[in-house]
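For reference, coords.txt (compact mmCIF, C-alpha atoms):
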```
# COMPACT_ATOMS: atom_id res chain seq x y z
CA MET L 17 0.00 0.00 0.00
CA LYS L 18 1.36 3.42 -0.93
CA ASP L 19 2.12 6.09 1.66
CA LYS L 20 -0.61 8.43 0.39
CA ASP L 21 -3.15 5.55 0.58
CA ILE L 22 -2.18 4.89 4.19
CA LYS L 23 -2.56 8.59 4.95
CA LYS L 24 -6.08 8.61 3.46
CA LEU L 25 -6.99 5.53 5.50
CA ILE L 26 -5.66 6.91 8.77
CA GLU L 27 -7.43 10.23 8.17
CA LYS L 28 -10.68 8.28 8.00
CA SER L 29 -9.86 6.70 11.36
CA GLU L 30 -10.32 9.96 13.26
CA VAL L 31 -12.63 9.43 16.22
CA ALA L 32 -15.20 12.12 16.98
CA THR L 33 -16.04 13.02 20.56
CA SER L 34 -19.62 12.89 21.78
CA VAL L 35 -21.77 15.96 21.06
CA ASP L 36 -21.75 17.23 24.64
CA PHE L 37 -18.06 16.56 25.29
CA THR L 38 -16.96 20.21 25.26
CA ASP L 39 -19.90 21.25 27.46
CA LYS L 40 -18.96 18.61 30.03
CA VAL L 41 -15.36 19.83 30.09
CA MET L 42 -16.47 23.45 30.39
CA GLN L 43 -18.81 22.58 33.26
CA LYS L 44 -15.92 20.93 35.10
CA ILE L 45 -13.66 23.90 34.42
CA GLU L 46 -16.26 26.39 35.65
CA ALA L 47 -17.03 24.28 38.72
CA GLN L 48 -13.38 24.06 39.71
CA ASN L 49 -12.51 27.55 38.54
CA VAL L 50 -9.07 26.40 37.42
CA LEU L 51 -8.35 29.00 34.78
CA PRO L 52 -5.98 31.76 35.94
CA SER L 53 -7.45 35.19 36.58
CA SER L 54 -6.40 37.96 34.25
CA ILE L 55 -3.09 39.73 34.85
CA THR L 56 -3.27 43.39 35.80
CA ILE L 57 -0.26 45.62 35.57
CA TRP L 58 0.28 47.93 38.53
CA SER L 59 -1.03 51.45 38.13
CA LEU L 60 0.92 54.56 39.17
CA ARG L 61 -1.30 54.87 42.25
CA GLN L 62 -0.48 51.34 43.33
CA ILE L 63 3.23 51.99 42.85
CA ILE L 64 3.08 55.14 44.99
CA VAL L 65 1.12 53.40 47.74
CA GLY L 66 3.50 50.43 47.63
CA PHE L 67 6.47 52.80 47.65
CA ILE L 68 5.21 54.63 50.76
CA LEU L 69 4.43 51.42 52.58
CA VAL L 70 7.76 49.78 51.88
CA THR L 71 9.61 53.00 52.69
CA VAL L 72 7.88 53.39 56.05
CA ILE L 73 8.59 49.78 56.87
CA SER L 74 12.22 50.09 55.77
CA ILE L 75 12.81 53.24 57.80
CA TYR L 76 11.23 51.68 60.84
CA LEU L 77 13.31 48.53 60.57
CA ILE L 78 16.58 50.31 59.87
CA HIS L 79 16.09 52.99 62.50
CA HIS L 80 14.87 50.81 65.35
CA PHE L 81 16.54 47.46 64.86
CA LEU L 82 19.73 47.87 62.89
CA GLY L 83 20.69 51.29 64.14
CA LEU L 84 21.94 52.31 60.69
CA LYS L 85 21.84 55.84 59.29
CA ILE L 86 18.74 56.72 57.31
CA LEU L 87 20.43 59.42 55.28
CA ALA L 88 23.65 59.20 53.26
CA GLY L 89 24.49 62.80 52.48
CA ASN L 90 21.17 64.30 51.52
CA ILE L 91 19.79 61.12 49.90
CA ALA L 92 17.29 58.93 51.73
CA VAL L 93 18.78 55.46 51.12
CA PRO L 94 15.66 53.38 51.79
CA PHE L 95 13.58 55.64 49.52
CA PHE L 96 16.06 55.20 46.74
CA TRP L 97 16.28 51.42 47.05
CA THR L 98 12.50 51.01 47.41
CA LEU L 99 11.92 53.04 44.28
CA LEU L 100 14.39 50.87 42.43
CA LEU L 101 12.76 47.73 43.80
CA LEU L 102 9.26 48.76 42.70
CA MET L 103 10.42 49.90 39.29
CA GLY L 104 12.17 46.58 38.89
CA LEU L 105 9.08 44.62 39.90
CA ASN L 106 6.89 46.60 37.52
CA TYR L 107 9.39 46.04 34.72
CA LEU L 108 9.44 42.30 35.37
CA LEU L 109 5.64 42.10 35.29
CA THR L 110 5.56 43.97 31.99
CA ILE L 111 8.22 41.70 30.50
CA ASN L 112 6.31 38.65 31.69
CA ARG L 113 3.17 39.91 29.93
CA TYR L 114 4.87 40.55 26.61
CA LYS L 115 6.81 37.28 26.75
CA LYS L 116 3.50 35.40 26.61
CA ILE L 117 2.56 37.20 23.43
CA MET N 10 5.12 19.35 9.79
CA GLY N 11 7.25 22.25 11.10
CA ASP N 12 7.98 22.89 14.75
CA LYS N 13 6.65 26.45 14.65
CA ILE N 14 3.63 27.26 16.77
CA GLN N 15 0.67 28.72 14.87
CA ASP N 16 -0.33 32.34 15.47
CA SER N 17 -3.95 31.32 16.13
CA ASP N 18 -2.73 28.98 18.90
CA ILE N 19 -0.61 31.74 20.46
CA GLU N 20 -3.62 34.07 20.54
CA LEU N 21 -5.90 31.43 22.06
CA ILE N 22 -3.35 30.32 24.66
CA THR N 23 -2.67 33.91 25.71
CA LYS N 24 -6.41 34.48 26.15
CA VAL N 25 -6.79 31.24 28.13
CA ARG N 26 -3.96 32.34 30.42
CA ASN N 27 -5.88 35.53 31.04
CA GLY N 28 -8.93 33.51 32.12
CA ASP N 29 -10.94 33.63 28.88
CA LEU N 30 -13.34 30.66 28.97
CA ASN N 31 -14.45 31.10 25.35
CA ALA N 32 -10.85 30.81 24.21
CA PHE N 33 -10.52 27.64 26.27
CA ARG N 34 -13.65 26.23 24.60
CA SER N 35 -12.15 27.00 21.17
CA LEU N 36 -8.91 25.27 22.14
CA VAL N 37 -10.81 22.17 23.27
CA ASN N 38 -12.87 22.10 20.05
CA LEU N 39 -9.72 22.48 17.98
CA TYR N 40 -7.89 19.50 19.47
CA LYS N 41 -10.55 17.19 20.95
CA ASP N 42 -11.05 14.80 18.00
CA LYS N 43 -7.39 14.21 17.22
CA SER N 44 -6.66 13.85 20.94
CA LEU N 45 -9.47 11.32 21.27
CA SER N 46 -8.15 9.38 18.28
CA LEU N 47 -4.75 9.15 19.97
CA ALA N 48 -6.34 8.09 23.25
CA VAL N 49 -8.38 5.37 21.50
CA SER N 50 -5.18 4.12 19.86
CA ILE N 51 -3.85 3.35 23.33
CA VAL N 52 -6.84 2.35 25.47
CA LYS N 53 -8.92 0.85 22.59
CA ASN N 54 -12.21 1.99 24.07
CA GLU N 55 -14.04 5.21 23.16
CA THR N 56 -15.87 5.67 26.47
CA VAL N 57 -12.74 5.20 28.55
CA ALA N 58 -10.76 7.38 26.14
CA GLU N 59 -13.30 10.19 26.43
CA ASP N 60 -13.18 10.07 30.23
CA ILE N 61 -9.40 10.24 30.10
CA LEU N 62 -9.60 13.12 27.66
CA GLN N 63 -11.72 15.12 30.08
CA ASP N 64 -8.96 14.71 32.67
CA VAL N 65 -6.42 15.71 30.04
CA PHE N 66 -8.20 19.00 29.36
CA MET N 67 -8.47 19.66 33.09
CA LYS N 68 -4.71 19.13 33.36
CA MET N 69 -4.25 21.39 30.37
CA SER N 70 -6.21 24.18 32.05
CA ARG N 71 -4.15 23.89 35.22
CA ASN N 72 -0.76 23.69 33.50
CA ILE N 73 -1.16 25.91 30.46
CA GLY N 74 0.95 28.53 32.24
CA THR N 75 3.92 26.18 31.99
CA PHE N 76 3.73 25.97 28.18
CA LYS N 77 6.79 27.88 26.94
CA PHE N 78 5.95 28.36 23.22
CA LYS N 79 9.15 26.50 22.30
CA SER N 80 7.27 23.71 20.51
CA LYS N 81 3.89 23.40 18.81
CA PHE N 82 1.01 23.46 21.26
CA SER N 83 -0.26 20.18 19.80
CA THR N 84 3.06 18.48 20.69
CA TRP N 85 2.69 19.66 24.29
CA LEU N 86 -0.97 18.61 24.49
CA TYR N 87 -0.54 15.22 22.81
CA LYS N 88 2.28 14.45 25.22
CA ILE N 89 -0.17 14.92 28.10
CA VAL N 90 -2.72 12.75 26.26
CA VAL N 91 -0.23 9.91 25.72
CA ASN N 92 1.20 10.05 29.26
CA THR N 93 -2.26 10.09 30.85
CA CYS N 94 -3.49 7.22 28.67
CA TYR N 95 -0.52 4.96 29.44
CA THR N 96 -0.91 5.72 33.15
CA GLU N 97 -4.63 4.92 33.03
CA LEU N 98 -3.97 1.83 30.91
CA LYS N 99 -1.75 0.41 33.61
CA LYS N 100 -4.56 0.89 36.15
CA LYS N 101 -7.42 -0.48 34.04
CA LYS N 102 -5.62 -2.87 31.68
CA ASN N 103 -7.65 -5.98 32.44
CA ASN N 104 -11.09 -4.36 32.27
CA ILE N 105 -10.38 -2.57 29.01
CA SER N 106 -9.11 -5.64 27.16
CA LEU N 107 -12.22 -7.57 28.23
CA GLU N 108 -14.57 -4.83 26.97
CA GLU N 109 -12.58 -4.55 23.75
CA ASN N 110 -12.83 -8.28 23.02
CA GLU N 111 -16.60 -8.27 23.58
CA GLY N 112 -16.98 -5.29 21.25
CA ALA N 113 -14.88 -6.97 18.59
CA ILE N 114 -17.06 -10.08 18.38
CA TYR N 115 -20.24 -8.03 17.97
CA TYR N 116 -18.66 -5.70 15.47
CA VAL N 117 -17.35 -8.37 13.09
CA SER N 118 -20.64 -10.27 13.03
CA VAL N 119 -22.53 -7.09 12.08
CA MET N 120 -20.08 -5.76 9.52
CA GLU N 121 -19.61 -9.00 7.59
CA GLU N 122 -23.17 -8.68 6.37
CA VAL N 123 -22.57 -5.32 4.69
CA PRO N 124 -21.99 -5.93 0.97
CA SER N 125 -20.99 -2.48 -0.30
CA LEU N 126 -18.76 0.09 1.32
CA LYS N 127 -20.18 3.52 1.95
CA LEU N 128 -18.05 6.15 3.63
CA GLU N 129 -19.50 5.34 7.06
CA ASP N 130 -18.80 1.64 6.54
CA GLN N 131 -15.27 2.40 5.44
CA GLN N 132 -14.69 4.41 8.59
CA LEU N 133 -16.06 1.61 10.73
CA TYR N 134 -13.79 -0.97 9.12
CA ILE N 135 -10.74 1.27 9.37
CA HIS N 136 -11.59 2.06 12.96
CA LYS N 137 -11.95 -1.63 13.64
CA ALA N 138 -8.61 -2.39 12.03
CA MET N 139 -6.92 0.40 13.99
CA LYS N 140 -8.30 -1.07 17.21
CA ARG N 141 -6.77 -4.43 16.37
CA LEU N 142 -3.33 -2.92 15.91
CA LYS N 143 -0.95 -2.84 18.84
CA ALA N 144 -1.29 0.37 20.86
CA ASP N 145 2.19 1.64 19.96
CA GLU N 146 1.69 0.99 16.24
CA ALA N 147 -1.76 2.62 16.13
CA LEU N 148 -0.47 5.58 18.13
CA VAL N 149 2.56 6.17 15.92
CA LEU N 150 0.48 5.80 12.73
CA ARG N 151 -2.09 8.35 13.92
CA LEU N 152 0.57 10.79 15.16
CA PHE N 153 2.40 10.59 11.82
CA TYR N 154 -0.47 10.54 9.33
CA LEU N 155 -3.43 12.07 11.17
CA CYS N 156 -1.71 14.66 13.36
CA GLU N 157 1.11 15.20 10.83
CA MET N 158 3.84 15.07 13.45
CA SER N 159 7.48 14.67 12.49
CA LEU N 160 9.58 11.76 13.80
CA LYS N 161 11.27 14.18 16.19
CA GLU N 162 7.92 15.38 17.55
CA ILE N 163 6.67 11.79 17.91
CA GLU N 164 9.85 11.06 19.87
CA ILE N 165 9.07 13.94 22.24
CA ILE N 166 5.42 12.93 22.66
CA THR N 167 5.90 9.18 23.13
CA LYS N 168 9.46 9.01 24.48
CA PHE N 169 10.04 6.17 21.99
CA SER N 170 13.43 6.01 20.26
CA THR N 171 13.59 7.03 16.59
CA SER N 172 14.34 3.44 15.57
CA LYS N 173 11.29 2.14 17.46
CA ILE N 174 9.11 4.77 15.82
CA ARG N 175 10.37 3.74 12.37
CA VAL N 176 9.76 0.07 13.15
CA ASP N 177 6.27 0.78 14.53
CA LEU N 178 5.42 2.83 11.44
CA HIS N 179 6.59 0.04 9.15
CA ARG N 180 4.84 -2.72 11.10
CA GLY N 181 1.76 -0.59 11.63
CA ARG N 182 1.34 0.01 7.88
CA LYS N 183 1.91 -3.67 7.13
CA ASN N 184 -0.42 -4.94 9.86
CA LEU N 185 -3.14 -2.44 9.00
CA HIS N 186 -3.14 -3.70 5.44
CA LEU N 187 -3.22 -7.33 6.62
CA ILE N 188 -6.11 -6.73 9.03
CA LEU N 189 -8.13 -4.84 6.42
CA LYS N 190 -7.45 -7.65 3.95
CA GLN N 191 -8.75 -10.15 6.51
CA LEU N 192 -11.85 -8.06 7.21
CA LEU N 193 -12.68 -7.02 3.66
CA GLY N 194 -10.97 -9.36 1.22
CA ASP N 195 -11.07 -7.81 -2.26
CA GLU N 196 -13.30 -4.99 -0.99
CA ILE N 197 -10.11 -3.42 0.38
CA ASP N 198 -9.62 -1.73 -3.02
CA ASN N 199 -12.78 0.31 -2.37
CA LEU N 200 -11.07 1.90 0.61
CA LEU N 201 -8.23 3.35 -1.44
```

Before we go any further, please render this structure as structure tokens.
Amino acid sequence: MKDKDIKKLIEKSEVATSVDFTDKVMQKIEAQNVLPSSITIWSLRQIIVGFILVTVISIYLIHHFLGLKILAGNIAVPFFWTLLLLMGLNYLLTINRYKKI
Amino acid sequence: MGDKIQDSDIELITKVRNGDLNAFRSLVNLYKDKSLSLAVSIVKNETVAEDILQDVFMKMSRNIGTFKFKSKFSTWLYKIVVNTCYTELKKKKNNISLEENEGAIYYVSVMEEVPSLKLEDQQLYIHKAMKRLKADEALVLRLFYLCEMSLKEIEIITKFSTSKIRVDLHRGRKNLHLILKQLLGDEIDNLL
């Protein structure tokens, strides 16, 4: 038997699912709610709120527990590092989103 | 038979990852019949295969975030189908072979009375012949001819060596012809 004949035969061997197969799967999916929720990228407001929170926490920790200086020259070190941290996180989330596309 | 993922798949998968149920439905509809054909190749029983396939799509929904777009989506999905089927086959091996044998006796006695071969009859005979093939041979034949997978992709999906895949393809073709000849005699020409 030629290769193209075998291909025709095998193509006819495709098995169809029952009519309600997809509905059954969808019901299970909806019942278990297994699909991931949509990704939201942080807004500017969220970044500012996060920045303030992390800064306050950092200052508190550094000032009260480690006894380190809060200021280096005129620059607030925790502010600077927190800003970098949040910008980095936001950048990573954005990259992650585009990588999927 | 290239390794490149289709744009339509990328769009659907991205939507599914964002929680779009309609996109998930489309993905299921796109791959359900070929996936079921592969499952039947292994477990030899449509009802059992369909149950397994439901589990496969549940697994797909949970793990779609791990798909890295490095291969075709079908390769990734069929790998889950094959793995799940072989795992289930180990659990239910005895029951399935008993059901299959009962089905075979009924099927032959009905089909031998059909004198001419319409398309539906052809499909039934081919389906019957495919069921009589060894699981590995039927699986490799369907992956190669029905799903249009390359040898490399079949290797990834089944974890068989390239030489085993070649042997299974060769034996599968030969045995399929022999079984159809046994079932149909000279009527086999009407299939081609």

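Selecting chain N residues within 6 Å of chain L and counting all atoms listed in the file yields N:Arg26, N:Asn27, N:Gly28, N:Asp42, N:Ser46, N:Gln63, N:Ser70, N:Arg71, N:Gln132, N:Ile135, N:His136, N:Tyr154, N:Leu155, N:Leu201.
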
Export C-alpha atoms of the chosen residues as a tab-separated table (two decimals), in the frame of the given file?
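Result file out-v1.tsv:
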```tsv
chain	number	residue	atom	x	y	z
N	26	ARG	CA	-3.96	32.34	30.42
N	27	ASN	CA	-5.88	35.53	31.04
N	28	GLY	CA	-8.93	33.51	32.12
N	42	ASP	CA	-11.05	14.80	18.00
N	46	SER	CA	-8.15	9.38	18.28
N	63	GLN	CA	-11.72	15.12	30.08
N	70	SER	CA	-6.21	24.18	32.05
N	71	ARG	CA	-4.15	23.89	35.22
N	132	GLN	CA	-14.69	4.41	8.59
N	135	ILE	CA	-10.74	1.27	9.37
N	136	HIS	CA	-11.59	2.06	12.96
N	154	TYR	CA	-0.47	10.54	9.33
N	155	LEU	CA	-3.43	12.07	11.17
N	201	LEU	CA	-8.23	3.35	-1.44
```

Give me the residues within 9 Å of Val25 in chain N as a list in words, counting all atoms listed in the file and dropping any in the same chain fewer than 4 places off. Leu51 and Pro52 of chain L; Glu20, Leu21, Asp29, Leu30, Asn31, Ala32, Phe33, Leu36, Ser70 and Ile73 of chain N

What does the structure give for the distance between CA of Ala147 in chain N and CA of Gly181 in chain N, in Å to one decimal?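 One can read the CA of Ala147 in chain N to CA of Gly181 in chain N distance as 6.6 Å.
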
How far is it from CA of Asp145 in chain N to CA of Tyr87 in chain N, in Å with one decimal? 14.1 Å
